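What follows is a single structure, written as structure tokens, with notes after it.
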Amino acid sequence: MKEISLALVQWFKHHKRDLPWRQTNDWYPVFLSEFLLQQTQVTQAIPYYQKFIRRFPTIFELARSIEDDILQMWAGLGYYSRARNLLKAARQIVTHFNGRFPTDLKTALTLPGIGPYTAAAVLSIAFNQPLSVVDGNVIRVISRLFAIEDDVRLSATRKAIQLKAQQLLLPTQAGLFNEAIMELGALVCKPAAPLCAQCPLHTSCQAFHRNKVDAIPFKSSTPARKKRFHLVFVIRHGSYLLVGQRPGKGMLAGMWEFPTIELDAPLQKNSPQVAAILSSKFPQFTVKACKPMPVLKQIYTHIHLQYRPILLQSAAKISFNSEKYIQTRWIRRNELEEWAIHKAHQKILQHAQFKQWWMASSVIES
Ligand code: SF4
């Protein structure tokens, strides 16, 4: 076992990526990056990390920030509860632990958004505590290394993998080992077409020797995502767009979006239902004024969302009363990027038809 671990650490020293949070031994960059990396690829997380570390160079600045700012900076990354938990955890660290990350595992686990994986990652990487981490990369490397063919969705399999990870861990180089095994999974032992010929572990790898690399890890299929259908009203008045803020709890809590109506089924472009919804929610408009966009899609963990944006020009700053939103506002189009608009509705702003419509109606107005 020790030979495998030493080979891995040696490989890591020569092949690790130069990631911005690896430039220091301080715990704060590790803590921040671990929040950003949950459910997110490294390449996507880097610009967000740079933005956050510039604006909040220490835990104290982060703890003093307000939730709206954090959500706005997080926009586009998804899983917004992470952003809220990051802020809550920062505030607790400052208030209860004098701005230092608690070095006791049990205490670290009491922080919002810190589960066993994140706690072990911060404590091992920043404080070299002998705690193994098990993420998707580690599961793949270990299940292949030991040819574990059981379903990795089962908790018994996860426990077996966790045990192997703990046995492999080098107690005096715990952080280095954890980073090394995750890096190997990301760069070499990839989900498809792993680079076994370049792998420092291929002489010990049982899946490689048994020619089972493609079959391991085995994952049973997931239950199908629920389908949801929305009609989204993108209403413009001059250079302003109408948006509403979702409540502080539930899906996309606190995020901003264009007024949205939930439907039971997808709507065809010229469905008479559009007229009915329009006259009940926005009686100022006629169907003729509607410019329907194509159906867009957004995948969430448990939901497959399909939504059709309807573009509308308004002669006045109309109001939209809905229990769905805690407040609504008219925001200038060029300031919208500074608001925490969730990803599905950011896609509307980036869509060619929206851009064309915005330009064309700007010309008419000027
Ligand atoms: S030899 Fe191949 S399958 Fe085995 S750990 Fe290395 S990259 Fe993964």
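Chain identifiers are assigned as A, B, and so on, following the order in which chains appear in the structure tokens; residues are numbered from 1 within each chain, and ligands are numbered from 1 in order of appearance.
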
Neighbouring residues of Leu154 of chain A were defined as those with any atom within 10 Å, considering only C-alpha atoms; residues of the same chain fewer than 4 positions away were excluded. Please report them as a PyMOL selection string. chain A and resi 150+158-159+219-220

What residues have any atom no more than 12 Å from ligand 1 when counting only C-alpha atoms and all ligand atoms, and can you list them as a PyMOL selection string? chain A and resi 4-5+7-8+11+137-148+181-217

Residue nearest Leu296 of chain A among A:Gln313, A:Gln353, A:Ser280, A:Asn270 (counting only C-alpha atoms):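 Closest to Leu296 of chain A, using only C-alpha atoms: A:Gln353.
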
Among A:Gln38, A:Gln44, A:Arg100, A:Ala89, Ala121 of chain A is approached most closely, using only C-alpha atoms, by A:Gln38

To test your reading of the structure, identify every residue in segment 190-299 of chain A that backbone DSSP assigns to helix (DSSP H, G or I), and report it as a PyMOL selection string. chain A and resi 196-198+206-209+213-215+272-281+287-289

Output the selection as a PDB file, in the first residue's frame - N, CA, C and O atoms for each residue.
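Result file is part.pdb:
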```pdb
ATOM      1  N   CYS A 196      -3.815   5.001 -19.005  1.00  0.00           N
ATOM      2  CA  CYS A 196      -3.143   3.998 -18.171  1.00  0.00           C
ATOM      3  C   CYS A 196      -1.639   3.912 -18.448  1.00  0.00           C
ATOM      4  O   CYS A 196      -0.850   3.688 -17.526  1.00  0.00           O
ATOM      5  N   ALA A 197      -1.251   4.120 -19.702  1.00  0.00           N
ATOM      6  CA  ALA A 197       0.178   4.007 -20.037  1.00  0.00           C
ATOM      7  C   ALA A 197       0.999   5.072 -19.311  1.00  0.00           C
ATOM      8  O   ALA A 197       2.182   4.880 -19.057  1.00  0.00           O
ATOM      9  N   GLN A 198       0.359   6.197 -18.971  1.00  0.00           N
ATOM     10  CA  GLN A 198       1.090   7.276 -18.276  1.00  0.00           C
ATOM     11  C   GLN A 198       0.852   7.255 -16.770  1.00  0.00           C
ATOM     12  O   GLN A 198       1.275   8.162 -16.053  1.00  0.00           O
ATOM     13  N   GLN A 206      -5.436  -3.225 -10.466  1.00  0.00           N
ATOM     14  CA  GLN A 206      -6.066  -4.521 -10.759  1.00  0.00           C
ATOM     15  C   GLN A 206      -7.029  -4.442 -11.941  1.00  0.00           C
ATOM     16  O   GLN A 206      -7.131  -5.381 -12.722  1.00  0.00           O
ATOM     17  N   ALA A 207      -7.723  -3.331 -12.079  1.00  0.00           N
ATOM     18  CA  ALA A 207      -8.636  -3.200 -13.226  1.00  0.00           C
ATOM     19  C   ALA A 207      -7.833  -3.221 -14.524  1.00  0.00           C
ATOM     20  O   ALA A 207      -8.240  -3.834 -15.516  1.00  0.00           O
ATOM     21  N   PHE A 208      -6.678  -2.574 -14.504  1.00  0.00           N
ATOM     22  CA  PHE A 208      -5.813  -2.535 -15.690  1.00  0.00           C
ATOM     23  C   PHE A 208      -5.343  -3.948 -16.037  1.00  0.00           C
ATOM     24  O   PHE A 208      -5.435  -4.378 -17.193  1.00  0.00           O
ATOM     25  N   HIS A 209      -4.890  -4.693 -15.038  1.00  0.00           N
ATOM     26  CA  HIS A 209      -4.373  -6.039 -15.296  1.00  0.00           C
ATOM     27  C   HIS A 209      -5.471  -7.014 -15.702  1.00  0.00           C
ATOM     28  O   HIS A 209      -5.236  -7.943 -16.460  1.00  0.00           O
ATOM     29  N   VAL A 213     -10.923  -1.910 -17.027  1.00  0.00           N
ATOM     30  CA  VAL A 213     -10.917  -0.462 -16.776  1.00  0.00           C
ATOM     31  C   VAL A 213     -12.220   0.199 -17.243  1.00  0.00           C
ATOM     32  O   VAL A 213     -12.786   1.050 -16.550  1.00  0.00           O
ATOM     33  N   ASP A 214     -12.721  -0.243 -18.406  1.00  0.00           N
ATOM     34  CA  ASP A 214     -13.931   0.402 -18.946  1.00  0.00           C
ATOM     35  C   ASP A 214     -15.191   0.052 -18.151  1.00  0.00           C
ATOM     36  O   ASP A 214     -16.185   0.769 -18.214  1.00  0.00           O
ATOM     37  N   ALA A 215     -15.156  -1.065 -17.432  1.00  0.00           N
ATOM     38  CA  ALA A 215     -16.361  -1.513 -16.712  1.00  0.00           C
ATOM     39  C   ALA A 215     -16.406  -1.003 -15.271  1.00  0.00           C
ATOM     40  O   ALA A 215     -17.411  -1.145 -14.582  1.00  0.00           O
ATOM     41  N   PRO A 272     -53.397  28.727 -27.504  1.00  0.00           N
ATOM     42  CA  PRO A 272     -54.367  29.690 -26.966  1.00  0.00           C
ATOM     43  C   PRO A 272     -54.179  29.922 -25.466  1.00  0.00           C
ATOM     44  O   PRO A 272     -54.603  30.941 -24.922  1.00  0.00           O
ATOM     45  N   GLN A 273     -53.490  28.993 -24.812  1.00  0.00           N
ATOM     46  CA  GLN A 273     -53.248  29.151 -23.370  1.00  0.00           C
ATOM     47  C   GLN A 273     -52.393  30.387 -23.075  1.00  0.00           C
ATOM     48  O   GLN A 273     -52.509  30.995 -22.018  1.00  0.00           O
ATOM     49  N   VAL A 274     -51.526  30.754 -24.048  1.00  0.00           N
ATOM     50  CA  VAL A 274     -50.678  31.940 -23.845  1.00  0.00           C
ATOM     51  C   VAL A 274     -51.570  33.159 -23.666  1.00  0.00           C
ATOM     52  O   VAL A 274     -51.367  33.979 -22.759  1.00  0.00           O
ATOM     53  N   ALA A 275     -52.616  33.260 -24.520  1.00  0.00           N
ATOM     54  CA  ALA A 275     -53.534  34.403 -24.439  1.00  0.00           C
ATOM     55  C   ALA A 275     -54.241  34.424 -23.086  1.00  0.00           C
ATOM     56  O   ALA A 275     -54.383  35.476 -22.451  1.00  0.00           O
ATOM     57  N   ALA A 276     -54.658  33.241 -22.624  1.00  0.00           N
ATOM     58  CA  ALA A 276     -55.377  33.164 -21.345  1.00  0.00           C
ATOM     59  C   ALA A 276     -54.469  33.597 -20.195  1.00  0.00           C
ATOM     60  O   ALA A 276     -54.872  34.385 -19.328  1.00  0.00           O
ATOM     61  N   ILE A 277     -53.234  33.106 -20.207  1.00  0.00           N
ATOM     62  CA  ILE A 277     -52.294  33.462 -19.125  1.00  0.00           C
ATOM     63  C   ILE A 277     -51.987  34.953 -19.186  1.00  0.00           C
ATOM     64  O   ILE A 277     -51.976  35.653 -18.176  1.00  0.00           O
ATOM     65  N   LEU A 278     -51.784  35.437 -20.408  1.00  0.00           N
ATOM     66  CA  LEU A 278     -51.447  36.848 -20.596  1.00  0.00           C
ATOM     67  C   LEU A 278     -52.563  37.749 -20.059  1.00  0.00           C
ATOM     68  O   LEU A 278     -52.311  38.706 -19.329  1.00  0.00           O
ATOM     69  N   SER A 279     -53.827  37.405 -20.396  1.00  0.00           N
ATOM     70  CA  SER A 279     -54.910  38.297 -19.964  1.00  0.00           C
ATOM     71  C   SER A 279     -55.113  38.235 -18.457  1.00  0.00           C
ATOM     72  O   SER A 279     -55.542  39.206 -17.844  1.00  0.00           O
ATOM     73  N   SER A 280     -54.758  37.109 -17.818  1.00  0.00           N
ATOM     74  CA  SER A 280     -54.929  37.086 -16.362  1.00  0.00           C
ATOM     75  C   SER A 280     -53.748  37.737 -15.644  1.00  0.00           C
ATOM     76  O   SER A 280     -53.920  38.410 -14.634  1.00  0.00           O
ATOM     77  N   LYS A 281     -52.544  37.596 -16.175  1.00  0.00           N
ATOM     78  CA  LYS A 281     -51.364  38.139 -15.477  1.00  0.00           C
ATOM     79  C   LYS A 281     -50.976  39.530 -15.970  1.00  0.00           C
ATOM     80  O   LYS A 281     -50.545  40.373 -15.188  1.00  0.00           O
ATOM     81  N   VAL A 287     -51.979  39.213 -27.400  1.00  0.00           N
ATOM     82  CA  VAL A 287     -51.134  38.116 -27.882  1.00  0.00           C
ATOM     83  C   VAL A 287     -50.291  38.574 -29.067  1.00  0.00           C
ATOM     84  O   VAL A 287     -49.153  38.148 -29.247  1.00  0.00           O
ATOM     85  N   LYS A 288     -50.869  39.495 -29.859  1.00  0.00           N
ATOM     86  CA  LYS A 288     -50.155  39.982 -31.045  1.00  0.00           C
ATOM     87  C   LYS A 288     -48.815  40.610 -30.674  1.00  0.00           C
ATOM     88  O   LYS A 288     -47.857  40.582 -31.444  1.00  0.00           O
ATOM     89  N   ALA A 289     -48.779  41.203 -29.466  1.00  0.00           N
ATOM     90  CA  ALA A 289     -47.547  41.885 -29.042  1.00  0.00           C
ATOM     91  C   ALA A 289     -46.463  40.902 -28.603  1.00  0.00           C
ATOM     92  O   ALA A 289     -45.304  41.271 -28.444  1.00  0.00           O
TER      93      ALA A 289
END
```

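Take atom CA of Thr58 of chain A and atom CA of His14 of chain A: the distance between them is 29.7 Å.
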
Write out as a PyMOL selection string the set of residues from segment 118-333 of chain A that DSSP, computed on the backbone, places in strand (DSSP E or B). chain A and resi 151+218+226-237+240-245+256-257+260-263+291-292+296-299+303-313+327-332

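Distances here use only C-alpha atoms; by that measure, the residue among A:Ile341, A:Met359, A:Val234, A:Cys290 closest to Asp69 of chain A is A:Ile341.
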
Between A:Leu242, A:Leu109, A:Ala352, A:Met255, which is the closest to Ala316 of chain A once you count only C-alpha atoms?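 Closest residue, counting only C-alpha atoms: A:Leu242.
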
To one decimal in Å, tell me the separation between atom CA of Gly250 of chain A and atom CA of Val152 of chain A. 29.0 Å

Contact residues around segment 91-95 of chain A with only C-alpha atoms at 9 Å, ignoring same-chain residues under 2 positions, as a list in words: Ile59, Phe60, Leu62, Ala63, Arg64, Leu86, Leu87, Lys88, Ala89, Phe97, Asn98, Gly99, Arg100, Phe101, Pro102, Leu111 and Pro112 of chain A

Put those residues in a file: N, CA, C and O atoms, as a short mmCIF file (atom, residue, chain, number, x, y, z; two decimals), in the first residue's frame.
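The result, stored in result_17.cif:
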```
data_model
loop_
_atom_site.label_atom_id
_atom_site.label_comp_id
_atom_site.auth_asym_id
_atom_site.auth_seq_id
_atom_site.Cartn_x
_atom_site.Cartn_y
_atom_site.Cartn_z
N ILE A 59 -11.03 35.97 5.38
CA ILE A 59 -12.33 35.51 5.89
C ILE A 59 -13.12 36.69 6.49
O ILE A 59 -14.34 36.70 6.46
N PHE A 60 -12.41 37.70 6.99
CA PHE A 60 -13.09 38.83 7.64
C PHE A 60 -13.88 39.65 6.62
O PHE A 60 -15.01 40.03 6.88
N LEU A 62 -14.97 38.54 3.78
CA LEU A 62 -16.06 37.68 3.30
C LEU A 62 -17.22 37.70 4.31
O LEU A 62 -18.39 37.85 3.93
N ALA A 63 -16.90 37.59 5.58
CA ALA A 63 -17.94 37.55 6.63
C ALA A 63 -18.72 38.87 6.69
O ALA A 63 -19.88 38.88 7.07
N ARG A 64 -18.07 39.97 6.31
CA ARG A 64 -18.75 41.28 6.37
C ARG A 64 -19.63 41.55 5.15
O ARG A 64 -20.37 42.52 5.12
N LEU A 86 -21.58 29.43 2.23
CA LEU A 86 -20.22 30.00 2.31
C LEU A 86 -20.23 31.23 3.21
O LEU A 86 -19.38 31.38 4.10
N LEU A 87 -21.21 32.10 2.98
CA LEU A 87 -21.30 33.32 3.78
C LEU A 87 -21.60 33.00 5.25
O LEU A 87 -20.97 33.55 6.16
N LYS A 88 -22.56 32.08 5.46
CA LYS A 88 -22.91 31.72 6.85
C LYS A 88 -21.71 31.11 7.57
O LYS A 88 -21.44 31.42 8.72
N ALA A 89 -20.99 30.22 6.87
CA ALA A 89 -19.82 29.58 7.49
C ALA A 89 -18.76 30.63 7.81
O ALA A 89 -18.17 30.61 8.90
N PHE A 97 -14.93 31.56 16.14
CA PHE A 97 -13.58 30.97 16.17
C PHE A 97 -12.49 32.00 15.85
O PHE A 97 -11.42 31.64 15.33
N ASN A 98 -12.78 33.27 16.13
CA ASN A 98 -11.79 34.34 15.93
C ASN A 98 -11.20 34.37 14.52
O ASN A 98 -10.02 34.69 14.33
N GLY A 99 -11.99 33.97 13.54
CA GLY A 99 -11.50 34.04 12.16
C GLY A 99 -10.58 32.90 11.78
O GLY A 99 -9.89 32.99 10.76
N ARG A 100 -10.56 31.83 12.60
CA ARG A 100 -9.71 30.67 12.25
C ARG A 100 -10.59 29.45 12.01
O ARG A 100 -11.58 29.24 12.74
N PHE A 101 -10.23 28.65 11.03
CA PHE A 101 -11.02 27.45 10.75
C PHE A 101 -10.86 26.47 11.92
O PHE A 101 -9.73 26.21 12.35
N PRO A 102 -11.96 25.92 12.47
CA PRO A 102 -11.81 24.99 13.60
C PRO A 102 -11.06 23.73 13.18
O PRO A 102 -11.42 23.09 12.19
N LEU A 111 -20.23 23.64 10.87
CA LEU A 111 -20.33 24.85 10.03
C LEU A 111 -21.28 24.61 8.86
O LEU A 111 -21.28 23.52 8.27
N PRO A 112 -22.08 25.62 8.50
CA PRO A 112 -23.00 25.45 7.37
C PRO A 112 -22.26 25.10 6.08
O PRO A 112 -21.21 25.70 5.79
#
```

For Arg22 of chain A, find every residue with an atom within 10 Å (counting only C-alpha atoms), except residues of its own chain fewer than 5 positions away, and show them as a JSON list (two decimals) with all heavy atoms, in the first residue's frame.
```
[["chain", "number", "residue", "atom", "x", "y", "z"],
["A", 16, "LYS", "N", 1.32, 18.18, -10.99],
["A", 16, "LYS", "CA", 0.12, 18.90, -10.51],
["A", 16, "LYS", "C", -0.09, 20.18, -11.31],
["A", 16, "LYS", "O", 0.87, 20.80, -11.78],
["A", 16, "LYS", "CB", 0.24, 19.21, -9.02],
["A", 16, "LYS", "CG", 1.32, 20.18, -8.67],
["A", 16, "LYS", "CD", 1.29, 20.44, -7.18],
["A", 16, "LYS", "CE", 2.49, 21.27, -6.78],
["A", 16, "LYS", "NZ", 2.58, 21.48, -5.35],
["A", 17, "ARG", "N", -1.37, 20.52, -11.43],
["A", 17, "ARG", "CA", -1.70, 21.77, -12.12],
["A", 17, "ARG", "C", -1.40, 22.96, -11.20],
["A", 17, "ARG", "O", -1.50, 22.84, -9.98],
["A", 17, "ARG", "CB", -3.20, 21.79, -12.48],
["A", 17, "ARG", "CG", -3.55, 20.87, -13.62],
["A", 17, "ARG", "CD", -5.05, 20.70, -13.74],
["A", 17, "ARG", "NE", -5.60, 19.96, -12.61],
["A", 17, "ARG", "CZ", -6.89, 19.66, -12.47],
["A", 17, "ARG", "NH1", -7.76, 20.04, -13.38],
["A", 17, "ARG", "NH2", -7.32, 18.98, -11.43],
["A", 29, "PRO", "N", -7.78, 30.08, 1.28],
["A", 29, "PRO", "CA", -7.95, 29.74, -0.14],
["A", 29, "PRO", "C", -8.47, 28.31, -0.34],
["A", 29, "PRO", "O", -9.26, 28.05, -1.25],
["A", 29, "PRO", "CB", -6.54, 29.89, -0.72],
["A", 29, "PRO", "CG", -5.86, 30.84, 0.20],
["A", 29, "PRO", "CD", -6.41, 30.56, 1.55],
["A", 30, "VAL", "N", -8.03, 27.39, 0.53],
["A", 30, "VAL", "CA", -8.50, 25.99, 0.40],
["A", 30, "VAL", "C", -10.00, 25.93, 0.71],
["A", 30, "VAL", "O", -10.79, 25.34, -0.03],
["A", 30, "VAL", "CB", -7.72, 25.06, 1.37],
["A", 30, "VAL", "CG1", -8.22, 23.62, 1.24],
["A", 30, "VAL", "CG2", -6.23, 25.14, 1.11],
["A", 33, "SER", "N", -11.95, 27.58, -2.14],
["A", 33, "SER", "CA", -11.95, 26.76, -3.36],
["A", 33, "SER", "C", -12.81, 25.51, -3.17],
["A", 33, "SER", "O", -13.50, 25.08, -4.09],
["A", 33, "SER", "CB", -10.53, 26.38, -3.77],
["A", 33, "SER", "OG", -9.94, 25.54, -2.80],
["A", 125, "ILE", "N", -5.64, 19.21, 3.72],
["A", 125, "ILE", "CA", -4.80, 20.01, 2.81],
["A", 125, "ILE", "C", -4.16, 21.20, 3.55],
["A", 125, "ILE", "O", -2.98, 21.49, 3.39],
["A", 125, "ILE", "CB", -5.61, 20.49, 1.58],
["A", 125, "ILE", "CG1", -6.07, 19.27, 0.77],
["A", 125, "ILE", "CG2", -4.79, 21.43, 0.70],
["A", 125, "ILE", "CD1", -7.09, 19.56, -0.32]]
```

Proximity to Ser239 of chain A - best of A:Asn85, A:Ser314, A:Thr301, A:Ser155, only C-alpha atoms: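 Answer, going by the shortest atom-to-atom distance: A:Ser314.
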
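Across the model, the gap from atom CA of Ile46 of chain A to atom CA of Gly248 of chain A is 27.3 Å.
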